[in-house]
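Here's the structure, in structure tokens; my notes come after.
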Amino acid sequence: MSGHSKWSTIKRKKGVADAKRGAVFTRLAREISIAAREGGDPDTNFRLRLAVDKARAENMPKDNIERAIKKGTGEDKDSAVFEEITFEGYGPHGSALMVTCVTDNRNRTVPDMRHAFTKYGGNMAEQGAVAWQFDRKSYFAFPASQLSFDKAFELGIVVGADDVVEGDGTIEIYGPVEAFKTIADALHQVHVHPDEAGLRMIAKQEMELDVESTLKFMKMVEAIEELDDVQDVFHNVKVSDEALAALEAA
């Protein structure tokens with residue numbers, strides 16, 4: 001299983017999401033609002049359906065979900081207008097990062113992001129300077145208890161997935177961007193509810209750091225993830241089992 005997915009699992013185990021429930025709801029609401037721009041009906045808008053499913057899995061109140069949808073469709077005329085921004089940058093030891101944000105104030109987000117990078121010895125890069133090191137992929141992760149690996153592998157072949165992997169009780173499916181809806185619909189039909197689903201930036205080649213350097217790097221990732229406008233952080237650092245153990249013990 002990828003380091004990103006393992007780190008997400010560790011955060012859930014450590015209760016980070018529960019400790020920051022308000023921030024989680026804010027992030028989910030923005031994700032719903034952005035998805036709702038393509039239509040406010042989850043039955044016909046698969047991106048919205050996945051965003052709503054994710055919000056429900058976090059026990060987000062129904063009123064919050066409906067309010068977020070109305071913001072996205074424009075029914076709520078008084079709501080702020082959000083935009084999606086992707087930042088590129090370098091971390092310690094030449095590591096590469098891609099950060100996706102949803103913000104209603106670019107003038108707040110840019111300096112916050114620049115500060116987070118420089119504080120940990122990194123720097124922001126111009127558009128395209130880092131992106132070439134990543135491939136954009138459809139990504140789904142769900143507990144193996146919902147669907148066996150063999151059945152998931154068969155499903156992956158049918159829907160044109162690039163890879164299906166299993167580890168630590170989680171199954172991950174990677175596929176082309178254009179296969180996102182097909183994979184999402186196929187999982188929905190077999191009653192699989194992904195813990196994570198979306199378009200991800202997957203590093204073409206990962207770099208390995210020693211445990212101490214990896215821990216310092218992950219502190220930078222955590223600091224960026226904690227910024228209000230950040231939706232997700234992707235990077236090219238391979239998080240070893242030793243580093244994961246140290247992160248989990250921290």
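Chain labels run A, B, ... following the order of the structure tokens; each chain numbers its residues from 1, and ligands are numbered from 1 in the order shown.
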Residues within 10 Å of segment 23-39 of chain A, please, as an MDAnalysis selection string. Count only C-alpha atoms; anything in the same chain fewer than 4 positions from it doesn't count. chainID A and resid 16:19 43:56 58:61 64:74 81:84 101:104 226:232
Among segment 63-164 of chain A, which ones does DSSP assign to strand (DSSP E or B) (computed from the backbone)? Answer as a PyMOL selection string. chain A and resi 83-90+96-103+123-125+134-143+163-164
Please report, as a PyMOL selection string, each residue of segment 2-237 of chain A to which DSSP assigns helix (DSSP H, G or I) when run on this structure's backbone. chain A and resi 3-13+16-19+21-36+46-57+62-73+92-94+106-119+131-133+149-159+177-189+211-225
Using only C-alpha atoms, pick whichever of A:Ala80, A:Lys137, A:Ala96, A:Phe117 has the shortest atom-to-atom distance to Glu225 of chain A. A:Phe117
At a cut-off of 9 Å, using only C-alpha atoms, what residues contact Val159 of chain A? Leave out same-chain residues fewer than 2 positions from it and give the result as a PyMOL selection string. chain A and resi 154-157+161+175+179+182-183+186
Same residues, C-alpha atoms, output as a tab-separated table (two decimals), in the first residue's frame:
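Saved the output as selection01.tsv:
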chain	number	residue	atom	x	y	z
A	154	GLU	CA	-11.56	-8.82	-11.66
A	155	LEU	CA	-13.48	-5.55	-11.38
A	156	GLY	CA	-10.28	-3.65	-12.18
A	157	ILE	CA	-9.77	-5.62	-15.39
A	161	ALA	CA	-7.80	0.02	-14.13
A	175	GLY	CA	-6.74	3.99	-13.17
A	179	ALA	CA	-11.93	5.91	-16.11
A	182	THR	CA	-16.55	3.98	-14.69
A	183	ILE	CA	-14.61	2.72	-11.65
A	186	ALA	CA	-18.66	-0.21	-10.70
